[in-house]
Amino acid sequence: MSDQNSLSSGPRPLSVLITMDVEEEGLFSGQYRRRNPGVTNIASLPKLARLSDELGFPLTLLCSHAVFTDAAACRVVEEMRDRHGAEVGAHLHHWSTPPFESAEEFCQGQPPRTDKIDRGLLSARLESLLAAGEAFQGAPLTSFRMGRWDLKNVLFPMLSEHGILADSSICPLRAYKAGADHFLAPNQPYWALGRETPFLEIPITQIPLLECLPGLWQKLFADSPRRDSFHFLAALSGSPFWHGDAVMRLCVRLLRLRRSDVLCVFWHSTEIVAKGSPHVPDEKAVEKVLGRIFSFFTWLRESVPCRGMTMTGLYREARAAEDAGVSRYPDRAELAPLPGDW
């Protein structure tokens, strides 16, 4: 049986979201520079233009404050938006977004978790990021991701109050030490603040090999650091720096069999530049990963009923369906009362 026939039984065409953390260099080195971090990697974004121009998958570019305040980086992002249909959203690196609480050039060690930061200071940094984004865009930004997947559900109202319509900060099957617990989060969109509030959570697609496994793993390792090892052992995604082509394709097949209709993938802007991350030590590695990206999305276009979508585009479609009395995605309260920060 062909891929086309075996994968076409889902309820709707697969909505494919390619989300990118567009950000400064150096984060994979463990250094967190506060002021004037380098953003030369942004010049490589046009390498991905084929995804939208030839394959029909527009990018959602979630940009950090450092990107919005660099003229050269802004010109590249503008090109991706105006010539290649990208959506521009916000990506909060709170450690490198003013106002700063000290004059130090680098954070001392790892940046504090968001729930350890004064709420007023965190809100001021979010406002600073969104103001820089609006100055670039000429309109408010409506899509968002928190840096380091460090978003607890208590912060959803803050995002909504600042005009965010679509968030993608939830990473299922991950549980970070001293950070957010997204382990049992759903892999499909949901109305995080209820259907009456215009705020759609769009988790990164990461699914278990078998649907029963996360619950069993949770029971075995609920209070153990080993819980996060599930991500490396029995999880599948369409993200090309986490998994190879075969696993990415299997992820899509299982999504369709499980009647899911959204595939949300991500990577970092620094991961398509030589020496930008440990995954890409040289140009040969860059070419290899770009080949994997284009191979996968070409296969997806040819084998699966699908369409490209931006984050705010998915929100607007889902909101319109709700207004017409069609519930495409669940309310958070309708989901099982499972533990976690989602």
# chains A, B, ... in the order shown; residues from 1 in each chain; ligands from 1
$ closest_atom_pairs --of "range 139-197 of chain A" --to "range 207-229 of chain A" --cutoff "10 Å" --atoms "only C-alpha atoms" --output "tab-separated table"
residue	atom	partner	partner_atom	distance
A:Pro172	CA	A:Ile207	CA	7.5
A:Leu173	CA	A:Asp228	CA	7.1
A:Arg174	CA	A:Asp228	CA	5.4
A:Ala175	CA	A:Asp228	CA	5.2
A:Tyr176	CA	A:Asp228	CA	7.0
A:Lys177	CA	A:Pro225	CA	7.0
A:Asp181	CA	A:Asp228	CA	9.5
A:His182	CA	A:Asp228	CA	9.8
A:Phe183	CA	A:Asp228	CA	7.7
A:Leu184	CA	A:Pro214	CA	7.0
A:Pro186	CA	A:Ile207	CA	8.8
A:Asn187	CA	A:Ile207	CA	6.6
A:Gln188	CA	A:Ile207	CA	9.8
$ write_last_selection --atoms "C-alpha atoms" --output "short mmCIF file (atom, residue, chain, number, x, y, z; two decimals), in the first residue's frame"
data_model
loop_
_atom_site.label_atom_id
_atom_site.label_comp_id
_atom_site.auth_asym_id
_atom_site.auth_seq_id
_atom_site.Cartn_x
_atom_site.Cartn_y
_atom_site.Cartn_z
CA PRO A 172 5.42 17.17 25.73
CA LEU A 173 7.35 14.27 27.23
CA ARG A 174 9.87 16.61 28.87
CA ALA A 175 10.30 17.29 32.58
CA TYR A 176 13.13 19.67 33.39
CA LYS A 177 14.98 19.70 36.68
CA ASP A 181 6.87 19.81 33.86
CA HIS A 182 5.39 19.17 30.41
CA PHE A 183 5.71 15.39 30.52
CA LEU A 184 2.01 14.52 30.28
CA PRO A 186 -1.04 16.80 25.02
CA ASN A 187 0.75 16.95 21.69
CA GLN A 188 -2.18 18.65 19.93
#
$ select_by_dssp --residues "range 45-237 of chain A" --states "helix (DSSP H, G or I)" --output "PyMOL selection string"
chain A and resi 45-53+65-68+71-84+94-96+114-116+119-137+147-149+153-161+213-221+225-233
$ closest_atom_pairs --of "range 25-60 of chain A" --to "range 288-306 of chain A" --cutoff "10 Å" --atoms "only C-alpha atoms" --output "Markdown table"
| residue | atom | partner | partner_atom | distance |
| --- | --- | --- | --- | --- |
| A:Lys47 | CA | A:Leu290 | CA | 8.5 |
| A:Leu48 | CA | A:Leu290 | CA | 8.3 |
| A:Arg50 | CA | A:Phe294 | CA | 8.3 |
| A:Leu51 | CA | A:Phe294 | CA | 7.2 |
| A:Glu54 | CA | A:Thr298 | CA | 9.3 |
| A:Leu55 | CA | A:Arg301 | CA | 6.7 |
| A:Gly56 | CA | A:Arg301 | CA | 8.3 |
| A:Phe57 | CA | A:Phe297 | CA | 8.4 |
$ closest_atom_pairs --of "range 206-268 of chain A" --to "range 315-331 of chain A" --cutoff "12 Å" --atoms "only C-alpha atoms" --output "CSV"
residue,atom,partner,partner_atom,distance
A:Ser260,CA,A:Tyr329,CA,10.5
A:Asp261,CA,A:Arg328,CA,9.8
A:Val262,CA,A:Tyr329,CA,10.6
$ select_by_dssp --residues "range 113-155 of chain A" --states "strand (DSSP E or B)" --output "PyMOL selection string"
chain A and resi 143-146
$ write_last_selection --atoms "C-alpha atoms" --output "CSV table (one decimal), in the first residue's frame"
chain,number,residue,atom,x,y,z
A,143,SER,CA,2.7,34.3,18.4
A,144,PHE,CA,5.2,33.4,21.2
A,145,ARG,CA,7.6,30.9,22.7
A,146,MET,CA,9.4,31.1,26.0
$ closest_residue --among "A:Phe100, A:Trp342, A:Tyr190, A:Phe241" --to "Leu151 in chain A" --atoms "only C-alpha atoms"
A:Trp342
$ residues_around --residues "range 196-204 of chain A" --least-positions-apart "5" --cutoff "9 Å" --atoms "only C-alpha atoms" --output "VMD selection string"
chain A and resid 19 156 159 to 160 163 to 172 185 to 191 237 239 262 to 266 311 314 to 315 318 to 319
$ atom_distance --atom1 "CA of Val77 in chain A" --atom2 "CA of Pro58 in chain A"
13.0 Å
$ residues_around --residues "Arg332 in chain A" --least-positions-apart "3" --cutoff "9 Å" --atoms "only C-alpha atoms" --output "ChimeraX atom specification"
/A:190-195,335-337,342
$ residues_around --residues "range 117-127 of chain A" --least-positions-apart "2" --cutoff "7 Å" --atoms "only C-alpha atoms" --output "count of residues only"
12
$ residues_around --residues "Val67 in chain A" --least-positions-apart "3" --cutoff "10 Å" --atoms "only C-alpha atoms" --output "short mmCIF file (atom, residue, chain, number, x, y, z; two decimals) with all heavy atoms, in the first residue's frame"
data_model
loop_
_atom_site.label_atom_id
_atom_site.label_comp_id
_atom_site.auth_asym_id
_atom_site.auth_seq_id
_atom_site.Cartn_x
_atom_site.Cartn_y
_atom_site.Cartn_z
N VAL A 22 14.54 32.12 16.53
CA VAL A 22 15.48 32.98 15.81
C VAL A 22 16.18 33.83 16.86
O VAL A 22 15.58 34.72 17.45
CB VAL A 22 14.74 33.83 14.76
CG1 VAL A 22 15.70 34.72 14.00
CG2 VAL A 22 13.98 32.92 13.80
N GLU A 23 17.47 33.56 17.06
CA GLU A 23 18.11 34.04 18.28
C GLU A 23 19.60 34.25 18.12
O GLU A 23 20.18 33.98 17.06
CB GLU A 23 17.84 33.03 19.39
CG GLU A 23 18.36 31.63 19.06
CD GLU A 23 17.87 30.57 20.04
OE1 GLU A 23 16.78 30.73 20.62
OE2 GLU A 23 18.59 29.57 20.22
N GLU A 24 20.21 34.71 19.20
CA GLU A 24 21.64 35.02 19.22
C GLU A 24 22.50 33.77 19.28
O GLU A 24 22.03 32.68 19.63
CB GLU A 24 21.96 35.92 20.41
CG GLU A 24 21.67 35.32 21.77
CD GLU A 24 20.29 35.69 22.31
OE1 GLU A 24 19.37 35.91 21.49
OE2 GLU A 24 20.12 35.74 23.54
N ASN A 36 24.27 42.99 23.74
CA ASN A 36 24.86 42.93 22.40
C ASN A 36 25.38 41.54 22.02
O ASN A 36 26.52 41.40 21.54
CB ASN A 36 25.99 43.96 22.28
CG ASN A 36 25.52 45.36 22.55
OD1 ASN A 36 24.48 45.78 22.05
ND2 ASN A 36 26.28 46.11 23.34
N PRO A 37 24.57 40.51 22.20
CA PRO A 37 25.02 39.19 21.73
C PRO A 37 25.02 39.15 20.21
O PRO A 37 24.27 39.88 19.55
CB PRO A 37 23.97 38.25 22.32
CG PRO A 37 22.75 39.10 22.43
CD PRO A 37 23.22 40.48 22.77
N GLY A 38 25.86 38.31 19.64
CA GLY A 38 25.95 38.23 18.18
C GLY A 38 24.74 37.57 17.55
O GLY A 38 24.19 36.60 18.09
N VAL A 39 24.32 38.08 16.40
CA VAL A 39 23.18 37.49 15.68
C VAL A 39 23.52 37.31 14.20
O VAL A 39 22.64 37.36 13.34
CB VAL A 39 21.91 38.36 15.84
CG1 VAL A 39 21.38 38.29 17.26
CG2 VAL A 39 22.16 39.80 15.43
N THR A 40 24.78 37.05 13.90
CA THR A 40 25.18 36.90 12.50
C THR A 40 24.56 35.66 11.85
O THR A 40 24.45 35.58 10.62
CB THR A 40 26.72 36.82 12.38
OG1 THR A 40 27.19 35.72 13.17
CG2 THR A 40 27.37 38.11 12.87
N ILE A 42 21.59 34.91 11.61
CA ILE A 42 20.32 35.22 10.98
C ILE A 42 20.47 35.34 9.46
O ILE A 42 19.53 35.09 8.71
CB ILE A 42 19.74 36.53 11.56
CG1 ILE A 42 19.72 36.49 13.09
CG2 ILE A 42 18.34 36.79 11.02
CD1 ILE A 42 18.99 35.30 13.68
N LEU A 62 10.20 33.01 15.42
CA LEU A 62 10.02 33.53 16.78
C LEU A 62 11.33 34.17 17.21
O LEU A 62 12.30 33.48 17.52
CB LEU A 62 9.60 32.39 17.70
CG LEU A 62 8.29 31.70 17.25
CD1 LEU A 62 8.14 30.34 17.90
CD2 LEU A 62 7.09 32.58 17.55
N CYS A 63 11.36 35.50 17.19
CA CYS A 63 12.61 36.26 17.29
C CYS A 63 12.85 36.79 18.70
O CYS A 63 11.93 37.30 19.35
CB CYS A 63 12.59 37.43 16.32
SG CYS A 63 12.38 36.96 14.59
N SER A 64 14.10 36.71 19.12
CA SER A 64 14.48 37.26 20.42
C SER A 64 14.71 38.76 20.31
O SER A 64 14.82 39.33 19.22
CB SER A 64 15.75 36.56 20.93
OG SER A 64 16.87 36.93 20.15
N ASP A 70 18.85 44.51 16.05
CA ASP A 70 20.02 44.48 15.16
C ASP A 70 19.54 44.77 13.74
O ASP A 70 18.73 44.03 13.19
CB ASP A 70 20.70 43.12 15.23
CG ASP A 70 21.97 43.07 14.39
OD1 ASP A 70 21.86 42.77 13.18
OD2 ASP A 70 23.06 43.32 14.94
N ALA A 71 20.04 45.84 13.15
CA ALA A 71 19.54 46.29 11.85
C ALA A 71 19.74 45.24 10.76
O ALA A 71 18.84 45.01 9.94
CB ALA A 71 20.21 47.60 11.46
N ALA A 72 20.92 44.62 10.72
CA ALA A 72 21.18 43.63 9.67
C ALA A 72 20.28 42.41 9.82
O ALA A 72 19.74 41.89 8.83
CB ALA A 72 22.65 43.21 9.72
N ALA A 73 20.08 41.96 11.06
CA ALA A 73 19.20 40.82 11.29
C ALA A 73 17.77 41.15 10.89
O ALA A 73 17.07 40.33 10.29
CB ALA A 73 19.27 40.40 12.76
N CYS A 74 17.34 42.36 11.20
CA CYS A 74 15.97 42.77 10.85
C CYS A 74 15.75 42.77 9.35
O CYS A 74 14.66 42.41 8.88
CB CYS A 74 15.68 44.15 11.43
SG CYS A 74 15.30 44.15 13.20
N VAL A 76 17.07 40.75 7.20
CA VAL A 76 16.89 39.36 6.76
C VAL A 76 15.50 38.86 7.16
O VAL A 76 14.81 38.21 6.36
CB VAL A 76 17.98 38.46 7.37
CG1 VAL A 76 17.77 37.01 6.95
CG2 VAL A 76 19.37 38.93 6.94
N VAL A 77 15.09 39.14 8.38
CA VAL A 77 13.76 38.71 8.83
C VAL A 77 12.68 39.36 7.96
O VAL A 77 11.69 38.72 7.58
CB VAL A 77 13.57 39.05 10.32
CG1 VAL A 77 12.14 38.75 10.75
CG2 VAL A 77 14.55 38.27 11.18
N HIS A 91 10.14 35.58 20.87
CA HIS A 91 10.83 34.52 21.62
C HIS A 91 11.55 35.17 22.78
O HIS A 91 12.50 35.93 22.58
CB HIS A 91 11.81 33.81 20.68
CG HIS A 91 12.52 32.64 21.30
ND1 HIS A 91 11.87 31.69 22.05
CD2 HIS A 91 13.83 32.25 21.24
CE1 HIS A 91 12.74 30.78 22.44
NE2 HIS A 91 13.93 31.10 21.97
N ALA A 132 9.80 45.94 20.98
CA ALA A 132 10.81 45.88 19.92
C ALA A 132 10.25 45.18 18.70
O ALA A 132 10.50 45.59 17.55
CB ALA A 132 12.06 45.16 20.43
N GLY A 133 9.46 44.12 18.91
CA GLY A 133 8.85 43.42 17.79
C GLY A 133 7.83 44.26 17.06
O GLY A 133 7.76 44.26 15.83
#
$ closest_residue --among "A:Gly89, A:Pro339, A:Gly238, A:Gly30" --to "Cys107 in chain A" --atoms "only C-alpha atoms"
A:Gly30
